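Since the structure comes first, as structure tokens, the remarks are kept for the end.
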Amino acid sequence: MNQIIFLDYAGVAVFAATGALAASRKQLDIIGFLFFAGLTGIGGGTVRDLILGAPVFWVQNHDYLVVCAAMAIAVYFSAHLIESRYKLLLWLDAIGLAAYCVFGAWKGLVMTGSALVAVVMGMLTATFGGILRDQIAGEPSVLMRPEIYVTAAMAGAVTFTVLDIAGLPLLLSAAPAFAVAFIIRGGAIWFGWSFPPYKSRPGRRPEDIP
Amino acid sequence: MNQIIFLDYAGVAVFAATGALAASRKQLDIIGFLFFAGLTGIGGGTVRDLILGAPVFWVQNHDYLVVCAAMAIAVYFSAHLIESRYKLLLWLDAIGLAAYCVFGAWKGLVMTGSALVAVVMGMLTATFGGILRDQIAGEPSVLMRPEIYVTAAMAGAVTFTVLDIAGLPLLLSAAPAFAVAFIIRGGAIWFGWSFPPYKSRPGRRPEDIP
Amino acid sequence: MNQIIFLDYAGVAVFAATGALAASRKQLDIIGFLFFAGLTGIGGGTVRDLILGAPVFWVQNHDYLVVCAAMAIAVYFSAHLIESRYKLLLWLDAIGLAAYCVFGAWKGLVMTGSALVAVVMGMLTATFGGILRDQIAGEPSVLMRPEIYVTAAMAGAVTFTVLDIAGLPLLLSAAPAFAVAFIIRGGAIWFGWSFPPYKSRPGRRPEDIP
């Protein structure tokens, strides 16, 4: 367990940074940075713990709140140096997604023993912080972009779950799973990877439907 | 209990289908269909179970996840055959609303014994999956449309709660309550039923208020 | 405890009124008023209780639901008399924020003994009802406005937590904390108080980033 806890801190820290970057894009004040860093950093894990019936992780251990606050302050004083905050946000979000899909799957597997629940928990933990961030900041949701997003979280969670059930040591399950998720999401950002949709057409606006 | 569990599966299945239809309207890939089917299918019941302090239903029984995945795949390969996905979405949403307002009220009544909590739980279970779906997909919320929506869920939940407390067998409480909710919501979709608002005027935009 | 429970009812009542005012601005029917009054009145406290692992307050005590319903009905029949519903909404929201940041901090401190968790809980309880209201009603979030908002909740929660840990009686911790939060938020509404942002620039739209 001591090894994988690193993924948890890494996920919280980079998601907190993406929240602070969203606050910077919206020109909020320092407290707005703290709010969005907290919301994004601990949002996904909070939903995960509530659904698993586990005590919420940051209520048990305040270090996570301190990590979020530190990231918020760091971004607040450095965001003006960054050429494209949105690109940095996307790349940090990719790291957070990779860390959290593995950690969420691990926690789901430990607490329920079910591979299916583990995969769902990995996906949910990896995506919900970003969903909350985008919804409340009024940004277009990362989830709705054409490039692959949820797929990367799912691939990472599946990889970890399969390797862990196959009996590999924790580190040898977690590291490849993190790599799979990050490479898929990173490739999607860099090369615009996407699945060809099947006989797809856009939805009409409700008021245009006769 | 064995009889009413059918409503639970029915609600999950049709809400999952509405989520997949929303994914289709947004031209997402297959994993996006799975995500939205899961979010909408199990979202309302998850919030219900968290508030009631019950173990989350799909963590206990994975069949619900399998139902969501099956609906996502079925919609993925058939959505191009459907003339108006939004109309189908509205009608399936009406079935899900009717099934879930009854099941939510039943679970609320069983777990708390309070009629008021039962009605609120019925309304909440019936509406939250759709709220999550519309919020995250960036669709205009079904809730904000002029036709009757929440009222149908409330009427179904009240009907079930009154009949159940009156001592009727489960099936004779659940069936009329389902019918009441579906007829009210169906009439609202078909005939555009709405309440006349009382001395109503639209809100101004915040920036236009002196 | 008996004294501070007044803040809880006050917070629920005024937040419920802001939800009903949002429903009025959107020209919803009476059931829509009940829905938004409930969502806003009990939303923040529900999230607080779930995270703290406490039984959800309104499931334990139905009076809160009755308070929400009463406010919804009162606003439904009086909203046409109000010159600017949005301004009233902002001022009632300020009262609710002040009441709830103190009550949330108190409950967080009682249940966890941690000052940091208490402050976060105060901020979260004070802001989440309004976030849910604005998100689901499709209003621009109060949180994203340039004037000070979250800061007021944080100041009130910090004031209460410091005074309470310093050993003051409950009333002498709660009253100044309420005043601090309300004066800061009220000043922000009235005088447009805001923090100067640090080397700030607006975010570009994702599609404009090369």
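In the structure tokens, chains take the letters A, B, ... in the order shown, each chain's residues start at 1, and ligands count up from 1 in the order shown.
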Could you list, with a cut-off of 6 Å and counting only C-alpha atoms, the residues of chain C near chain B, each shown with its nearest atom pair and the distance in Å rounded to one decimal, rows sorted by chain and ascending number, as a tab-separated table?
residue	atom	partner	partner_atom	distance
C:Arg25	CA	B:Gly203	CA	4.0
C:Lys26	CA	B:Pro202	CA	5.9
C:Gln27	CA	B:Ser200	CA	5.8
C:Asp29	CA	B:Pro197	CA	5.3
C:Ile31	CA	B:Thr151	CA	5.9
Practice problem: Mind checking which residues fall within 12 Å of stretch 70-76 of chain A, counting only C-alpha atoms, ignoring those fewer than 2 positions away in the same chain, and posting them as a VMD selection string? | Solution: (chain A and resid 9 to 25 27 to 41 63 to 68 78 to 82 85 88 to 89) or (chain C and resid 197 to 201)
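Using only C-alpha atoms, the nearest neighbour of A:Asn61 within the list A:Val47, A:Val162, A:Ile42, A:Ile184 is A:Ile42.
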Quiz prompt | Secondary structure check, alpha helix (DSSP H) residues of stretch 1-177 of chain B, as an NGL selection string | solution = :B and (5-25 or 30-52 or 57-60 or 63-78 or 85-112 or 115-137 or 150-165 or 170-177)
Please, could you write that set of residues out with C-alpha atoms as a compact mmCIF listing (two decimals), in the first residue's frame?
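Saved to part_33.txt:
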# COMPACT_ATOMS: atom_id res chain seq x y z
CA ILE B 5 -37.04 -5.12 -8.14
CA PHE B 6 -38.27 -5.35 -11.73
CA LEU B 7 -38.95 -1.60 -11.64
CA ASP B 8 -35.36 -1.05 -10.57
CA TYR B 9 -33.93 -2.96 -13.53
CA ALA B 10 -36.40 -1.30 -15.90
CA GLY B 11 -35.46 2.16 -14.62
CA VAL B 12 -31.74 1.47 -14.91
CA ALA B 13 -32.13 0.05 -18.43
CA VAL B 14 -34.20 2.85 -19.92
CA PHE B 15 -32.20 5.62 -18.22
CA ALA B 16 -29.03 3.96 -19.54
CA ALA B 17 -30.58 4.05 -23.02
CA THR B 18 -31.33 7.79 -22.68
CA GLY B 19 -27.71 8.36 -21.66
CA ALA B 20 -26.52 6.46 -24.73
CA LEU B 21 -28.89 8.50 -26.92
CA ALA B 22 -27.42 11.70 -25.49
CA ALA B 23 -23.94 10.33 -26.31
CA SER B 24 -25.13 9.60 -29.85
CA ARG B 25 -26.46 13.15 -30.28
CA ILE B 30 -18.35 3.73 -27.91
CA ILE B 31 -16.67 4.43 -24.58
CA GLY B 32 -18.56 7.71 -24.38
CA PHE B 33 -21.76 5.71 -24.86
CA LEU B 34 -20.74 3.41 -21.99
CA PHE B 35 -19.90 6.39 -19.78
CA PHE B 36 -23.19 8.22 -20.34
CA ALA B 37 -25.25 5.02 -20.12
CA GLY B 38 -23.64 4.30 -16.74
CA LEU B 39 -23.90 7.87 -15.49
CA THR B 40 -27.60 8.15 -16.34
CA GLY B 41 -28.58 4.56 -15.53
CA ILE B 42 -27.10 4.39 -12.04
CA GLY B 43 -26.71 8.11 -11.19
CA GLY B 44 -30.11 8.71 -9.61
CA GLY B 45 -30.05 5.49 -7.58
CA THR B 46 -26.51 6.21 -6.39
CA VAL B 47 -27.51 9.59 -4.95
CA ARG B 48 -30.59 7.93 -3.37
CA ASP B 49 -28.52 5.21 -1.68
CA LEU B 50 -25.89 7.67 -0.43
CA ILE B 51 -28.53 9.91 1.16
CA LEU B 52 -30.37 6.95 2.71
CA PHE B 57 -26.86 -0.83 -5.17
CA TRP B 58 -24.51 -1.45 -8.09
CA VAL B 59 -21.50 -1.99 -5.81
CA GLN B 60 -23.52 -4.79 -4.17
CA ASP B 63 -25.78 -6.90 -12.85
CA TYR B 64 -26.79 -3.25 -13.02
CA LEU B 65 -23.46 -2.36 -14.62
CA VAL B 66 -23.91 -5.13 -17.17
CA VAL B 67 -27.40 -3.83 -18.00
CA CYS B 68 -25.99 -0.34 -18.60
CA ALA B 69 -23.21 -1.67 -20.83
CA ALA B 70 -25.66 -3.79 -22.85
CA MET B 71 -27.93 -0.79 -23.44
CA ALA B 72 -24.97 1.37 -24.47
CA ILE B 73 -23.87 -1.18 -27.06
CA ALA B 74 -27.41 -1.74 -28.36
CA VAL B 75 -27.95 2.01 -28.83
CA TYR B 76 -24.49 2.46 -30.37
CA PHE B 77 -25.31 0.11 -33.24
CA SER B 78 -28.92 1.15 -33.73
CA ARG B 85 -33.22 10.38 -31.04
CA TYR B 86 -34.34 13.27 -28.85
CA LYS B 87 -38.01 12.22 -28.96
CA LEU B 88 -37.07 8.63 -28.13
CA LEU B 89 -34.87 9.96 -25.34
CA LEU B 90 -37.84 11.91 -23.90
CA TRP B 91 -40.16 8.89 -24.01
CA LEU B 92 -37.64 6.49 -22.48
CA ASP B 93 -36.91 9.13 -19.87
CA ALA B 94 -40.64 9.14 -19.09
CA ILE B 95 -40.64 5.36 -18.53
CA GLY B 96 -37.53 5.62 -16.37
CA LEU B 97 -39.05 8.47 -14.39
CA ALA B 98 -42.21 6.44 -13.72
CA ALA B 99 -40.27 3.33 -12.69
CA TYR B 100 -37.81 5.19 -10.52
CA CYS B 101 -40.20 7.49 -8.66
CA VAL B 102 -42.02 4.35 -7.45
CA PHE B 103 -38.89 2.37 -6.63
CA GLY B 104 -37.26 5.34 -4.91
CA ALA B 105 -40.35 5.94 -2.80
CA TRP B 106 -40.51 2.26 -1.87
CA LYS B 107 -36.85 2.19 -0.82
CA GLY B 108 -37.19 5.46 1.09
CA LEU B 109 -40.27 4.14 2.91
CA VAL B 110 -38.67 0.79 3.74
CA MET B 111 -35.50 2.41 5.06
CA THR B 112 -36.89 5.39 6.99
CA ALA B 115 -43.88 9.19 4.06
CA LEU B 116 -42.32 12.62 3.43
CA VAL B 117 -38.82 11.22 2.96
CA ALA B 118 -40.29 8.51 0.69
CA VAL B 119 -41.86 11.11 -1.61
CA VAL B 120 -38.67 13.20 -1.73
CA MET B 121 -36.61 10.07 -2.44
CA GLY B 122 -38.95 9.08 -5.25
CA MET B 123 -38.63 12.51 -6.86
CA LEU B 124 -34.88 12.60 -6.39
CA THR B 125 -34.24 9.10 -7.75
CA ALA B 126 -36.41 9.78 -10.78
CA THR B 127 -34.81 13.09 -11.72
CA PHE B 128 -31.10 12.96 -10.80
CA GLY B 129 -29.90 10.57 -13.49
CA GLY B 130 -31.40 12.81 -16.15
CA ILE B 131 -30.01 15.95 -14.47
CA LEU B 132 -26.49 14.48 -14.51
CA ARG B 133 -26.91 13.38 -18.14
CA ASP B 134 -28.10 16.80 -19.34
CA GLN B 135 -25.57 18.77 -17.28
CA ILE B 136 -22.51 16.82 -18.40
CA ALA B 137 -23.66 16.44 -22.02
CA VAL B 150 -41.01 16.92 -11.70
CA THR B 151 -44.76 16.95 -11.05
CA ALA B 152 -45.12 13.53 -12.68
CA ALA B 153 -42.43 12.06 -10.43
CA MET B 154 -44.05 13.63 -7.39
CA ALA B 155 -47.52 12.34 -8.32
CA GLY B 156 -46.18 8.80 -8.77
CA ALA B 157 -44.26 8.88 -5.51
CA VAL B 158 -47.26 10.26 -3.58
CA THR B 159 -49.60 7.66 -5.12
CA PHE B 160 -47.31 4.79 -4.18
CA THR B 161 -46.70 6.08 -0.67
CA VAL B 162 -50.41 6.64 0.06
CA LEU B 163 -51.47 3.22 -1.29
CA ASP B 164 -48.65 1.43 0.48
CA ILE B 165 -49.39 3.06 3.83
CA LEU B 170 -46.90 -4.10 -3.11
CA LEU B 171 -48.01 -4.78 -6.68
CA LEU B 172 -51.32 -2.94 -6.23
CA SER B 173 -49.47 0.11 -4.88
CA ALA B 174 -46.69 0.10 -7.44
CA ALA B 175 -48.69 -0.49 -10.65
CA PRO B 176 -51.14 2.42 -10.29
CA ALA B 177 -48.33 4.72 -9.12
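Shortest atom-to-atom contact with A:Ile4 among A:Glu83, A:Trp190, A:Pro169, A:Asp208: A:Pro169, counting only C-alpha atoms.
Between atom CA of A:Ala179 and atom CA of A:Glu139 there is a distance of 27.6 Å.
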